[in-house]
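Chemist: Input structure: my_file14.tsv, which contains TSV, C-alpha atoms.
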```tsv
chain	number	residue	atom	x	y	z
A	1	MET	CA	42.61	76.16	3.81
A	2	ASP	CA	45.46	77.62	1.72
A	3	ALA	CA	44.67	80.05	-1.09
A	4	LYS	CA	44.03	78.58	-4.51
A	5	ASP	CA	46.74	78.71	-7.16
A	6	GLU	CA	46.13	80.98	-10.12
A	7	ARG	CA	46.42	78.05	-12.55
A	8	ARG	CA	43.96	75.32	-11.67
A	9	LEU	CA	42.88	72.07	-13.26
A	10	LYS	CA	39.17	72.17	-14.17
A	11	VAL	CA	37.78	68.87	-12.98
A	12	GLY	CA	34.47	67.17	-13.65
A	13	VAL	CA	33.27	64.41	-11.31
A	14	LEU	CA	31.33	61.54	-12.90
A	15	GLY	CA	28.92	60.08	-10.36
A	16	CYS	CA	27.39	61.67	-7.29
A	17	GLY	CA	27.41	58.55	-5.12
A	18	GLN	CA	29.09	57.71	-1.85
A	19	ILE	CA	32.76	58.08	-2.77
A	20	ALA	CA	32.11	61.38	-4.55
A	21	GLN	CA	30.16	62.74	-1.58
A	22	ALA	CA	32.62	61.50	1.04
A	23	ALA	CA	35.85	62.35	-0.77
A	24	HIS	CA	35.98	63.81	-4.27
A	25	PHE	CA	33.69	66.84	-4.10
A	26	GLU	CA	35.48	68.15	-1.03
A	27	SER	CA	38.89	67.34	-2.51
A	28	ALA	CA	38.20	69.33	-5.66
A	29	THR	CA	36.86	72.21	-3.59
A	30	LYS	CA	39.87	72.29	-1.27
A	31	ALA	CA	42.68	71.43	-3.71
A	32	LYS	CA	45.02	74.36	-4.25
A	33	ASN	CA	45.62	73.58	-7.93
A	34	ALA	CA	42.23	72.20	-9.00
A	35	GLU	CA	38.60	73.27	-8.96
A	36	LEU	CA	35.24	71.53	-9.05
A	37	PHE	CA	34.23	72.69	-12.51
A	38	ALA	CA	31.41	70.20	-13.17
A	39	ILE	CA	29.48	67.26	-11.75
A	40	CYS	CA	27.54	64.66	-13.70
A	41	ASP	CA	24.89	62.12	-12.73
A	42	VAL	CA	21.83	60.62	-14.40
A	43	ALA	CA	19.69	61.00	-11.25
A	44	PRO	CA	18.21	64.53	-11.42
A	45	ASP	CA	17.34	64.77	-7.71
A	46	LEU	CA	20.82	63.71	-6.62
A	47	LEU	CA	22.49	66.00	-9.17
A	48	ALA	CA	20.46	69.00	-8.00
A	49	ARG	CA	21.19	68.37	-4.34
A	50	MET	CA	24.92	67.90	-4.86
A	51	ALA	CA	25.06	71.02	-7.04
A	52	ALA	CA	23.35	73.03	-4.31
A	53	MET	CA	25.83	71.73	-1.72
A	54	HIS	CA	29.10	71.95	-3.66
A	55	ALA	CA	28.43	74.74	-6.21
A	56	PRO	CA	30.22	73.51	-9.33
A	57	GLU	CA	30.29	75.88	-12.27
A	58	LYS	CA	28.29	73.43	-14.39
A	59	THR	CA	26.10	70.35	-14.01
A	60	PHE	CA	25.40	67.62	-16.54
A	61	ASP	CA	22.98	64.69	-16.72
A	62	SER	CA	24.91	63.35	-19.73
A	63	TYR	CA	28.52	62.19	-19.53
A	64	ASP	CA	29.01	62.79	-23.25
A	65	ALA	CA	27.82	66.37	-22.82
A	66	MET	CA	30.27	66.96	-19.96
A	67	LEU	CA	33.12	65.52	-22.01
A	68	ALA	CA	32.20	67.78	-24.92
A	69	ASP	CA	32.74	70.91	-22.82
A	70	PRO	CA	35.95	72.52	-24.12
A	71	GLU	CA	36.71	74.12	-20.74
A	72	LEU	CA	36.87	70.76	-18.94
A	73	ASP	CA	40.44	69.50	-18.38
A	74	ALA	CA	39.99	66.22	-16.53
A	75	VAL	CA	37.45	63.84	-15.05
A	76	ILE	CA	37.29	61.99	-11.76
A	77	ILE	CA	35.52	58.67	-12.32
A	78	ALA	CA	33.59	57.99	-9.12
A	79	THR	CA	31.29	55.24	-10.35
A	80	ALA	CA	30.88	51.52	-9.69
A	81	ASP	CA	33.87	49.36	-10.68
A	82	ALA	CA	32.18	47.94	-13.79
A	83	PHE	CA	31.95	51.42	-15.34
A	84	HIS	CA	35.57	52.51	-14.80
A	85	VAL	CA	37.10	51.29	-18.06
A	86	PRO	CA	34.39	52.48	-20.48
A	87	ALA	CA	34.20	55.85	-18.70
A	88	ALA	CA	37.98	56.24	-18.87
A	89	LYS	CA	38.08	55.34	-22.56
A	90	SER	CA	35.37	57.90	-23.34
A	91	ALA	CA	37.25	60.61	-21.45
A	92	LEU	CA	40.55	59.84	-23.19
A	93	ALA	CA	38.83	59.85	-26.59
A	94	ALA	CA	37.48	63.31	-25.74
A	95	GLY	CA	40.98	64.53	-24.92
A	96	LYS	CA	40.50	64.66	-21.14
A	97	HIS	CA	42.85	63.48	-18.41
A	98	VAL	CA	41.53	60.80	-16.02
A	99	LEU	CA	41.66	60.14	-12.29
A	100	SER	CA	39.70	56.94	-11.76
A	101	GLU	CA	38.64	55.24	-8.58
A	102	LYS	CA	40.34	51.93	-7.93
A	103	PRO	CA	40.43	49.23	-9.10
A	104	ILE	CA	40.87	50.55	-12.62
A	105	GLY	CA	38.89	47.58	-13.97
A	106	ILE	CA	37.66	44.07	-13.23
A	107	THR	CA	39.10	41.95	-16.06
A	108	VAL	CA	42.65	41.54	-17.29
A	109	GLU	CA	41.63	42.02	-20.90
A	110	GLU	CA	39.78	45.30	-20.39
A	111	VAL	CA	42.59	46.90	-18.38
A	112	GLU	CA	45.23	45.80	-20.89
A	113	ALA	CA	43.11	47.37	-23.63
A	114	LEU	CA	42.78	50.54	-21.57
A	115	LYS	CA	46.55	50.63	-21.12
A	116	ALA	CA	46.98	50.70	-24.89
A	117	THR	CA	44.39	53.49	-25.12
A	118	VAL	CA	46.19	55.55	-22.47
A	119	GLU	CA	49.55	55.16	-24.18
A	120	ALA	CA	48.10	56.22	-27.53
A	121	SER	CA	46.22	59.20	-26.06
A	122	GLY	CA	49.13	61.16	-24.62
A	123	LYS	CA	46.91	61.99	-21.62
A	124	VAL	CA	47.48	61.36	-17.93
A	125	LEU	CA	45.59	58.53	-16.25
A	126	GLN	CA	46.01	58.06	-12.52
A	127	VAL	CA	44.36	55.31	-10.48
A	128	GLY	CA	42.85	56.32	-7.15
A	129	HIS	CA	45.11	54.35	-4.83
A	130	MET	CA	45.05	57.30	-2.44
A	131	LYS	CA	47.14	55.52	0.21
A	132	ARG	CA	50.20	56.49	-1.85
A	133	PHE	CA	49.48	60.05	-0.63
A	134	ASP	CA	49.54	59.10	3.06
A	135	ALA	CA	52.49	61.05	4.52
A	136	GLY	CA	53.49	58.09	6.66
A	137	LEU	CA	53.66	55.75	3.67
A	138	GLU	CA	55.52	58.42	1.72
A	139	SER	CA	58.15	58.61	4.47
A	140	ALA	CA	58.58	54.83	4.30
A	141	LYS	CA	58.93	54.97	0.52
A	142	ASP	CA	61.57	57.73	0.78
A	143	PHE	CA	63.57	55.64	3.26
A	144	ILE	CA	63.30	52.54	1.07
A	145	ASP	CA	64.45	54.39	-2.03
A	146	GLY	CA	67.15	56.51	-0.42
A	147	GLU	CA	68.65	54.90	2.66
A	148	MET	CA	67.50	51.39	3.45
A	149	GLY	CA	69.56	49.43	0.95
A	150	GLU	CA	68.32	46.01	-0.09
A	151	MET	CA	64.93	44.84	1.09
A	152	LEU	CA	64.78	41.41	2.69
A	153	ALA	CA	61.10	40.95	3.49
A	154	LEU	CA	57.74	42.70	3.60
A	155	LYS	CA	54.64	41.80	5.57
A	156	ALA	CA	51.45	43.77	5.12
A	157	TRP	CA	47.90	43.34	6.39
A	158	TYR	CA	44.51	44.88	5.73
A	159	CYS	CA	41.78	43.82	8.13
A	160	ASP	CA	38.46	45.63	8.02
A	161	SER	CA	36.45	45.60	11.24
A	162	THR	CA	32.99	44.47	12.30
A	163	HIS	CA	32.72	47.93	13.88
A	164	ARG	CA	33.75	49.96	10.83
A	165	TYR	CA	30.31	51.38	10.02
A	166	ALA	CA	29.76	52.60	13.58
A	167	MET	CA	33.11	54.37	13.21
A	168	THR	CA	32.64	55.76	9.69
A	169	ASP	CA	29.03	56.85	10.24
A	170	ALA	CA	30.28	59.03	13.08
A	171	VAL	CA	32.73	60.96	10.91
A	172	GLN	CA	31.39	60.89	7.34
A	173	PRO	CA	28.69	63.19	5.99
A	174	LEU	CA	25.23	61.68	5.63
A	175	ILE	CA	25.32	59.99	2.23
A	176	VAL	CA	22.43	61.02	-0.02
A	177	THR	CA	20.99	58.34	-2.32
A	178	SER	CA	18.58	58.31	-5.24
A	179	ALA	CA	16.40	55.66	-6.82
A	180	GLY	CA	17.43	57.09	-10.17
A	181	SER	CA	21.15	56.38	-9.79
A	182	LYS	CA	22.84	54.21	-12.40
A	183	ARG	CA	23.85	50.85	-10.97
A	184	PRO	CA	25.62	47.76	-12.34
A	185	SER	CA	23.43	44.98	-13.70
A	186	GLY	CA	24.10	42.83	-10.65
A	187	ASN	CA	24.58	43.61	-6.96
A	188	PRO	CA	28.36	44.00	-6.40
A	189	LYS	CA	27.96	42.77	-2.82
A	190	ALA	CA	26.09	39.60	-3.80
A	191	ASP	CA	29.47	37.81	-3.91
A	192	LEU	CA	31.34	39.10	-0.87
A	193	ARG	CA	34.46	37.10	-1.63
A	194	ARG	CA	34.79	38.95	-4.92
A	195	TYR	CA	33.63	42.30	-3.50
A	196	PHE	CA	36.12	42.30	-0.63
A	197	MET	CA	39.01	41.52	-2.97
A	198	LEU	CA	38.06	44.36	-5.34
A	199	ALA	CA	37.36	46.90	-2.60
A	200	HIS	CA	40.09	46.05	-0.10
A	201	GLY	CA	42.50	43.59	-1.71
A	202	SER	CA	43.26	46.21	-4.35
A	203	HIS	CA	44.58	48.53	-1.63
A	204	LEU	CA	46.73	45.80	-0.05
A	205	LEU	CA	48.28	44.69	-3.33
A	206	ASP	CA	49.03	48.24	-4.44
A	207	THR	CA	50.65	49.12	-1.11
A	208	ALA	CA	52.89	46.05	-1.34
A	209	ARG	CA	53.85	46.95	-4.91
A	210	TYR	CA	54.42	50.60	-3.96
A	211	PHE	CA	57.03	49.55	-1.40
A	212	ALA	CA	58.65	46.45	-2.89
A	213	GLY	CA	58.12	46.76	-6.64
A	214	PRO	CA	56.57	44.42	-9.19
A	215	ILE	CA	54.99	41.17	-8.02
A	216	VAL	CA	55.87	38.09	-10.06
A	217	GLU	CA	53.94	35.29	-8.36
A	218	VAL	CA	51.45	34.68	-5.56
A	219	ASP	CA	50.66	31.60	-3.51
A	220	ALA	CA	47.30	32.19	-1.82
A	221	HIS	CA	45.29	30.33	0.77
A	222	PHE	CA	41.67	31.21	1.52
A	223	ARG	CA	39.31	30.34	4.33
A	224	GLU	CA	35.79	31.48	5.20
A	225	ARG	CA	34.42	30.98	8.70
A	226	PHE	CA	31.66	32.70	10.73
A	227	ASN	CA	31.09	35.18	7.86
A	228	ALA	CA	34.75	36.24	7.89
A	229	TYR	CA	36.88	35.98	4.76
A	230	CYS	CA	40.61	35.39	5.10
A	231	TRP	CA	43.35	35.30	2.49
A	232	PHE	CA	46.97	34.57	3.43
A	233	VAL	CA	49.19	35.23	0.42
A	234	ASP	CA	52.89	34.50	-0.01
A	235	VAL	CA	54.31	36.91	-2.59
A	236	ALA	CA	57.39	36.65	-4.81
A	237	PHE	CA	58.61	40.10	-5.80
A	238	GLU	CA	60.72	40.69	-8.90
A	239	ASN	CA	63.61	41.99	-6.76
A	240	GLY	CA	63.75	38.82	-4.66
A	241	THR	CA	62.02	40.23	-1.57
A	242	PHE	CA	59.98	37.76	0.48
A	243	GLY	CA	56.40	38.92	0.93
A	244	HIS	CA	53.38	37.92	2.97
A	245	LEU	CA	49.95	39.58	2.76
A	246	ASP	CA	46.98	39.13	5.11
A	247	LEU	CA	43.54	40.22	3.91
A	248	THR	CA	40.92	39.39	6.53
A	249	ILE	CA	37.42	40.89	6.52
A	250	PRO	CA	35.93	41.53	8.97
A	251	VAL	CA	38.03	40.99	12.09
A	252	ARG	CA	36.39	41.02	15.52
A	253	MET	CA	38.44	43.96	16.73
A	254	ASP	CA	39.36	47.50	15.70
A	255	TRP	CA	40.44	48.30	12.16
A	256	HIS	CA	43.81	46.55	11.72
A	257	GLU	CA	46.05	47.66	8.86
A	258	GLY	CA	49.79	48.05	8.59
A	259	PHE	CA	53.12	46.70	7.42
A	260	GLN	CA	56.60	45.62	8.47
A	261	ILE	CA	59.63	45.91	6.23
A	262	TYR	CA	63.09	44.51	6.96
A	263	GLY	CA	65.99	46.11	5.10
A	264	GLU	CA	69.77	46.16	4.92
A	265	ARG	CA	70.26	49.39	6.88
A	266	GLY	CA	67.06	49.58	8.86
A	267	SER	CA	63.48	48.47	9.27
A	268	ILE	CA	60.00	50.00	9.13
A	269	VAL	CA	56.84	49.34	11.12
A	270	GLY	CA	53.62	51.02	10.04
A	271	LYS	CA	50.12	51.30	11.48
A	272	THR	CA	47.39	52.64	9.20
A	273	TYR	CA	44.02	53.96	10.36
A	274	ASN	CA	40.55	53.75	8.90
A	275	PRO	CA	40.87	56.13	5.92
A	276	TRP	CA	37.82	58.18	6.85
A	277	TYR	CA	39.63	59.47	9.92
A	278	TYR	CA	41.99	61.32	7.53
A	279	LYS	CA	44.85	60.49	9.87
A	280	SER	CA	48.28	59.74	8.44
A	281	SER	CA	49.76	56.35	9.26
A	282	ASP	CA	52.08	55.97	12.24
A	283	VAL	CA	55.29	54.84	10.54
A	284	ASP	CA	58.37	54.15	12.67
A	285	ILE	CA	61.63	54.07	10.73
A	286	PHE	CA	64.63	52.55	12.50
A	287	ARG	CA	68.06	53.44	11.14
A	288	GLU	CA	70.82	50.98	12.01
A	289	ALA	CA	73.47	53.69	11.61
A	290	THR	CA	72.03	55.88	14.35
A	291	GLY	CA	70.26	53.31	16.49
A	292	ALA	CA	67.26	55.66	16.56
A	293	THR	CA	63.67	55.58	15.38
A	294	SER	CA	61.88	58.49	13.69
A	295	ARG	CA	58.25	59.15	12.78
A	296	VAL	CA	56.74	61.93	10.69
A	297	LEU	CA	53.65	63.59	12.10
A	298	GLY	CA	51.88	63.83	8.75
A	299	ALA	CA	49.58	66.58	9.96
A	300	ASP	CA	47.91	66.84	6.53
A	301	GLY	CA	46.04	63.55	6.31
A	302	HIS	CA	43.56	64.39	3.54
A	303	PHE	CA	44.74	61.64	1.20
A	304	TYR	CA	42.04	62.29	-1.40
A	305	ARG	CA	42.81	66.00	-1.71
A	306	ARG	CA	46.55	65.35	-1.81
A	307	GLN	CA	45.93	62.70	-4.49
A	308	LEU	CA	44.07	65.22	-6.65
A	309	GLU	CA	46.76	67.85	-6.13
A	310	GLY	CA	49.40	65.35	-7.22
A	311	PHE	CA	47.37	64.47	-10.32
A	312	ALA	CA	46.93	68.15	-11.18
A	313	SER	CA	50.65	68.83	-10.72
A	314	VAL	CA	51.53	66.16	-13.28
A	315	ILE	CA	49.25	67.82	-15.83
A	316	LEU	CA	49.86	71.49	-15.06
A	317	ASP	CA	53.54	71.45	-14.10
A	318	GLY	CA	54.95	68.28	-15.64
A	319	ALA	CA	55.69	66.95	-12.16
A	320	PRO	CA	56.64	63.27	-11.76
A	321	MET	CA	53.73	60.88	-11.23
A	322	ARG	CA	53.55	60.12	-7.51
A	323	GLY	CA	50.32	58.20	-7.72
A	324	ALA	CA	49.48	54.90	-9.38
A	325	ASP	CA	49.65	54.99	-13.17
A	326	ILE	CA	48.01	52.64	-15.67
A	327	GLU	CA	50.88	50.15	-15.30
A	328	ASP	CA	50.22	50.01	-11.55
A	329	GLY	CA	46.50	49.70	-12.18
A	330	VAL	CA	46.93	46.76	-14.57
A	331	ALA	CA	49.33	45.05	-12.16
A	332	CYS	CA	46.79	45.39	-9.35
A	333	VAL	CA	44.04	43.75	-11.40
A	334	ARG	CA	46.40	40.98	-12.46
A	335	GLY	CA	47.38	40.50	-8.82
A	336	MET	CA	43.78	40.17	-7.64
A	337	VAL	CA	42.95	37.66	-10.39
A	338	ALA	CA	46.12	35.70	-9.59
A	339	VAL	CA	45.29	35.57	-5.86
A	340	ALA	CA	41.76	34.34	-6.60
A	341	GLU	CA	43.05	31.69	-9.02
A	342	SER	CA	45.82	30.54	-6.67
A	343	ALA	CA	43.36	30.15	-3.80
A	344	ARG	CA	41.02	28.19	-6.07
A	345	ILE	CA	43.57	25.70	-7.42
A	346	GLY	CA	45.86	25.52	-4.38
A	347	GLN	CA	48.98	26.30	-6.41
A	348	PRO	CA	51.21	29.34	-6.98
A	349	VAL	CA	50.16	31.53	-9.93
A	350	LYS	CA	52.28	33.93	-11.96
A	351	LEU	CA	50.71	37.31	-12.63
A	352	ALA	CA	51.87	37.21	-16.26
A	353	ASP	CA	49.84	34.04	-16.87
A	354	VAL	CA	46.40	35.17	-15.69
A	355	SER	CA	43.42	36.19	-17.78
A	356	GLY	CA	39.73	36.82	-17.33
A	357	ALA	CA	37.83	38.41	-14.48
A	358	LEU	CA	38.05	38.17	-10.73
```
Please render this file's structure as structure tokens.
Modeler:
Amino acid sequence: MDAKDERRLKVGVLGCGQIAQAAHFESATKAKNAELFAICDVAPDLLARMAAMHAPEKTFDSYDAMLADPELDAVIIATADAFHVPAAKSALAAGKHVLSEKPIGITVEEVEALKATVEASGKVLQVGHMKRFDAGLESAKDFIDGEMGEMLALKAWYCDSTHRYAMTDAVQPLIVTSAGSKRPSGNPKADLRRYFMLAHGSHLLDTARYFAGPIVEVDAHFRERFNAYCWFVDVAFENGTFGHLDLTIPVRMDWHEGFQIYGERGSIVGKTYNPWYYKSSDVDIFREATGATSRVLGADGHFYRRQLEGFASVILDGAPMRGADIEDGVACVRGMVAVAESARIGQPVKLADVSGAL
């Protein structure tokens, strides 16, 4: 691990659950320009165990108390989806920057209200679409922006696997749980159609938007068979690119995620791995001018740490935002609601016209 920078963002993590244990605690510990200043959870046993493992400077069983600490610069919101917007609003009101897990919210109205709060606050809010910090995807984005010319079409797919837990259990730390943890009023997995869209569809939509720009309209078709959920979505991008998205969960095969992009001066084919392998995507970029294909190695595949470092750089150094901002977060929520509505009514739906919750 590289030496820490002298100037570091003091970060507090809200929530000591699975995503914090598997990603955010380690990221804050390893990030060169950030430090794990504080952790917060209402479950005393979980808080004590995580503090013993990760050694933050401070621990809190009250979010308000953590936000009141004048030394704290920013919070990572690592809670259930339903808590993202209120937690972000509280942090912004306290003058703290925010890195929130995706999706940023679950209703169009709450995320639009949060957008107004962010804009009025003058603080940085970044949404945790960590795939934007995959070196393979970054190489594709650089080619799109700098060399490819016009984009003709994009296809992208995100297919979780029936074997994913056998794979992730082998590489993740043992996740510690507590009966005292704060949970949403209902079970998020009680409605798998909704849960899969929030957990996985959010990644797919953001990746498509990252490459091809704003999405105007979606035309979605949905089918459920043998406990598998499948969305095929035709996408109209603002720039005229044709798009097609495939969200299928779970497939009876290995994890299957990737994209194909056809452009004026070349094309891109990408294969993305289960994120818990921390392996950068294999992205092959073909340049028509040279008749050759190139691929970056992307040796540093810790997307979560790189995401935090990018967030800290925006705040500490005034660097450009490389991650997803509140505009991207709102667009993702609108996209998910539009896909759900289009599949329900069997008609195309414009993102600008949607309201309500997924």
Chemist: Would you give me, as a tab-separated table, each residue of segment 293-330 of chain A having an atom within 12 Å of an atom of segment 82-90 of chain A, along with its shortest atom pair and that distance in Å to one decimal, using all atoms listed in the file and sorting by chain and residue number?
Modeler:
```
residue	atom	partner	partner_atom	distance
A:Ile326	CA	A:Ala88	CA	11.1
A:Gly329	CA	A:Val85	CA	11.2
A:Val330	CA	A:Val85	CA	11.4
```
Chemist: What is the distance, in Å and to one decimal place, between atom CA of Arg322 of chain A and atom CA of Ala20 of chain A?
Modeler: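 About the pair atom CA of Arg322 of chain A and atom CA of Ala20 of chain A: they are 21.7 Å apart.
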Chemist: Residues near segment 211-214 of chain A, anyone? I mean within 6 Å using all atoms listed in the file, not counting same-chain ones fewer than 3 positions away, as an MDAnalysis selection string.
Modeler: chainID A and resid 208 237:238
Chemist: Pick out the closest residue to Gly335 of chain A from this set: A:Ile175, A:Ala48, A:Ile249, A:Val349. Count only C-alpha atoms.
Modeler: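 That would be A:Val349, the residue with the smallest distance to Gly335 of chain A.
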Chemist: Listed atoms of segment 291-296 of chain A, axis-aligned box, 6 Å per side: centre and edge lengths to one decimal in Å, as JSON?
Modeler:
```
{"center_x": 63.5, "center_y": 57.6, "center_z": 13.6, "size_x": 25.5, "size_y": 20.6, "size_z": 17.9}
```
Chemist: For segment 133-180 of chain A versus segment 291-303 of chain A, which residues have an atom no more than 8 Å away, and what is each residue's nearest atom pair and distance in Å rounded to one decimal, using only C-alpha atoms, chain-then-number order, as a Markdown table?
Modeler:
```
| residue | atom | partner | partner_atom | distance |
| --- | --- | --- | --- | --- |
| A:Phe133 | CA | A:Phe303 | CA | 5.3 |
| A:Asp134 | CA | A:Phe303 | CA | 5.7 |
| A:Ala135 | CA | A:Gly298 | CA | 5.1 |
| A:Gly136 | CA | A:Gly298 | CA | 6.3 |
| A:Ser139 | CA | A:Val296 | CA | 7.2 |
```
Chemist: Can you work out which one of A:Arg334, A:Arg225, A:Arg193, A:His163 has the shortest atom-to-atom distance to His256 of chain A, counting only C-alpha atoms?
Modeler: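 Of A:Arg334, A:Arg225, A:Arg193, A:His163, the one nearest His256 of chain A, counting only C-alpha atoms, is A:His163.
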Chemist: Determine, counting all atoms listed in the file, which protein, DNA and RNA residues have an atom within 8 Å of an atom of segment 204-207 of chain A; residues of the same chain fewer than 5 positions away are not included. Present the result as a PyMOL selection string.
Modeler: chain A and resi 129+131-132+156-158+245+247+328+332+335-336
Chemist: Give me, please, the distance in Å between atom CA of Ser202 of chain A and atom CA of Val13 of chain A, quoted to one decimal.
Modeler: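 According to the coordinates, atom CA of Ser202 of chain A and atom CA of Val13 of chain A are separated by 21.9 Å.
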Chemist: Near segment 260-271 of chain A, within 9 Å and counting only C-alpha atoms, which residues show up once chain neighbours fewer than 4 positions away are dropped, as a VMD selection string?
Modeler: chain A and resid 136 to 137 140 143 to 144 147 to 156 211 256 281 to 289
Chemist: Between atom CA of Gly17 of chain A and atom CA of Trp231 of chain A, what distance in Å does the model show, to one decimal?
Modeler: 29.2 Å
Chemist: Kindly provide the residues of segment 14-94 of chain A that approach segment 309-315 of chain A to within 8 Å, each paired with its closest atom pair and their distance in Å to one decimal, based on only C-alpha atoms, listed by chain and increasing number, as JSON lines.
Modeler:
```
{"residue": "A:Ala31", "atom": "CA", "partner": "A:Glu309", "partner_atom": "CA", "distance": 5.9}
{"residue": "A:Lys32", "atom": "CA", "partner": "A:Glu309", "partner_atom": "CA", "distance": 7.0}
{"residue": "A:Asn33", "atom": "CA", "partner": "A:Glu309", "partner_atom": "CA", "distance": 6.1}
{"residue": "A:Ala34", "atom": "CA", "partner": "A:Ala312", "partner_atom": "CA", "distance": 6.6}
```
Chemist: Looking at A:Glu341, A:Asp246, A:Asp169, A:Asp317, which one is nearest to Glu217 of chain A, with distances taken over all atoms listed in the file?
Modeler: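 The shortest atom-to-atom distance to Glu217 of chain A comes from A:Glu341.
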Chemist: Would you pick out the contacts of Gly15 of chain A at 10 Å or less, using only C-alpha atoms, so that residues sharing its chain but fewer than 6 positions from it are not included, and give the list as a list in words?
Modeler: Gln21, Ile39, Cys40, Asp41, Val42, Ala43, Leu46, Leu47, Asp61, Tyr63, Ile76, Ile77, Ala78, Thr79, Ala80, Ser181 and Lys182 of chain A
Chemist: Take the residues from that selection and write them out as a PDB file, keeping the file's coordinate frame, keeping C-alpha atoms.
Modeler:
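And here's result-v2.pdb as it stands now:
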```
ATOM      1  CA  GLN A  21      30.160  62.740  -1.580  1.00  0.00           C
ATOM      2  CA  ILE A  39      29.480  67.260 -11.750  1.00  0.00           C
ATOM      3  CA  CYS A  40      27.540  64.660 -13.700  1.00  0.00           C
ATOM      4  CA  ASP A  41      24.890  62.120 -12.730  1.00  0.00           C
ATOM      5  CA  VAL A  42      21.830  60.620 -14.400  1.00  0.00           C
ATOM      6  CA  ALA A  43      19.690  61.000 -11.250  1.00  0.00           C
ATOM      7  CA  LEU A  46      20.820  63.710  -6.620  1.00  0.00           C
ATOM      8  CA  LEU A  47      22.490  66.000  -9.170  1.00  0.00           C
ATOM      9  CA  ASP A  61      22.980  64.690 -16.720  1.00  0.00           C
ATOM     10  CA  TYR A  63      28.520  62.190 -19.530  1.00  0.00           C
ATOM     11  CA  ILE A  76      37.290  61.990 -11.760  1.00  0.00           C
ATOM     12  CA  ILE A  77      35.520  58.670 -12.320  1.00  0.00           C
ATOM     13  CA  ALA A  78      33.590  57.990  -9.120  1.00  0.00           C
ATOM     14  CA  THR A  79      31.290  55.240 -10.350  1.00  0.00           C
ATOM     15  CA  ALA A  80      30.880  51.520  -9.690  1.00  0.00           C
ATOM     16  CA  SER A 181      21.150  56.380  -9.790  1.00  0.00           C
ATOM     17  CA  LYS A 182      22.840  54.210 -12.400  1.00  0.00           C
TER      18      LYS A 182
END
```
Chemist: Return the single residue from A:Asp160, A:Asp353, A:Glu57, A:Glu110 that is closest to Tyr273 of chain A, with distances computed using all atoms listed in the file.
Modeler: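 Comparing A:Asp160, A:Asp353, A:Glu57, A:Glu110 against Tyr273 of chain A, the winner is A:Asp160.
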Chemist: Give the answer as one residue: which of A:His200, A:Arg194, A:Lys58, A:Arg209 has the shortest atom-to-atom distance to Lys141 of chain A, using all atoms listed in the file?
Modeler: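 Checking each of A:His200, A:Arg194, A:Lys58, A:Arg209 against Lys141 of chain A, counting all atoms listed in the file, the winner is A:Arg209.
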Chemist: Given all atoms listed in the file as the basis, pick out the residue of A:Ala68, A:Val233, A:Met130, A:Val251 nearest to Pro275 of chain A.
Modeler: A:Met130
Chemist: Restore N, CA, C and O atoms in segment 333-341 of chain A and list the result as a PDB file, in the frame of the given file.
Modeler:
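Contents of part-v8.pdb, as written:
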```pdb
ATOM      1  N   VAL A 333      45.094  44.647 -10.923  1.00  0.00           N
ATOM      2  CA  VAL A 333      44.040  43.750 -11.400  1.00  0.00           C
ATOM      3  C   VAL A 333      44.606  42.347 -11.643  1.00  0.00           C
ATOM      4  O   VAL A 333      44.009  41.339 -11.249  1.00  0.00           O
ATOM      5  N   ARG A 334      45.767  42.284 -12.267  1.00  0.00           N
ATOM      6  CA  ARG A 334      46.400  40.980 -12.460  1.00  0.00           C
ATOM      7  C   ARG A 334      46.680  40.288 -11.123  1.00  0.00           C
ATOM      8  O   ARG A 334      46.506  39.072 -10.989  1.00  0.00           O
ATOM      9  N   GLY A 335      47.102  41.075 -10.134  1.00  0.00           N
ATOM     10  CA  GLY A 335      47.380  40.500  -8.820  1.00  0.00           C
ATOM     11  C   GLY A 335      46.143  39.932  -8.166  1.00  0.00           C
ATOM     12  O   GLY A 335      46.179  38.835  -7.587  1.00  0.00           O
ATOM     13  N   MET A 336      45.029  40.659  -8.243  1.00  0.00           N
ATOM     14  CA  MET A 336      43.780  40.170  -7.640  1.00  0.00           C
ATOM     15  C   MET A 336      43.301  38.893  -8.325  1.00  0.00           C
ATOM     16  O   MET A 336      42.870  37.937  -7.658  1.00  0.00           O
ATOM     17  N   VAL A 337      43.366  38.860  -9.655  1.00  0.00           N
ATOM     18  CA  VAL A 337      42.950  37.660 -10.390  1.00  0.00           C
ATOM     19  C   VAL A 337      43.858  36.491 -10.051  1.00  0.00           C
ATOM     20  O   VAL A 337      43.398  35.350  -9.873  1.00  0.00           O
ATOM     21  N   ALA A 338      45.165  36.760  -9.923  1.00  0.00           N
ATOM     22  CA  ALA A 338      46.120  35.700  -9.590  1.00  0.00           C
ATOM     23  C   ALA A 338      45.871  35.143  -8.185  1.00  0.00           C
ATOM     24  O   ALA A 338      45.942  33.936  -7.959  1.00  0.00           O
ATOM     25  N   VAL A 339      45.580  36.024  -7.220  1.00  0.00           N
ATOM     26  CA  VAL A 339      45.290  35.570  -5.860  1.00  0.00           C
ATOM     27  C   VAL A 339      44.043  34.692  -5.846  1.00  0.00           C
ATOM     28  O   VAL A 339      44.006  33.626  -5.212  1.00  0.00           O
ATOM     29  N   ALA A 340      42.993  35.121  -6.550  1.00  0.00           N
ATOM     30  CA  ALA A 340      41.760  34.340  -6.600  1.00  0.00           C
ATOM     31  C   ALA A 340      42.000  32.974  -7.239  1.00  0.00           C
ATOM     32  O   ALA A 340      41.502  31.949  -6.752  1.00  0.00           O
ATOM     33  N   GLU A 341      42.777  32.951  -8.323  1.00  0.00           N
ATOM     34  CA  GLU A 341      43.050  31.690  -9.020  1.00  0.00           C
ATOM     35  C   GLU A 341      43.923  30.779  -8.164  1.00  0.00           C
ATOM     36  O   GLU A 341      43.685  29.567  -8.082  1.00  0.00           O
TER      37      GLU A 341
END
```
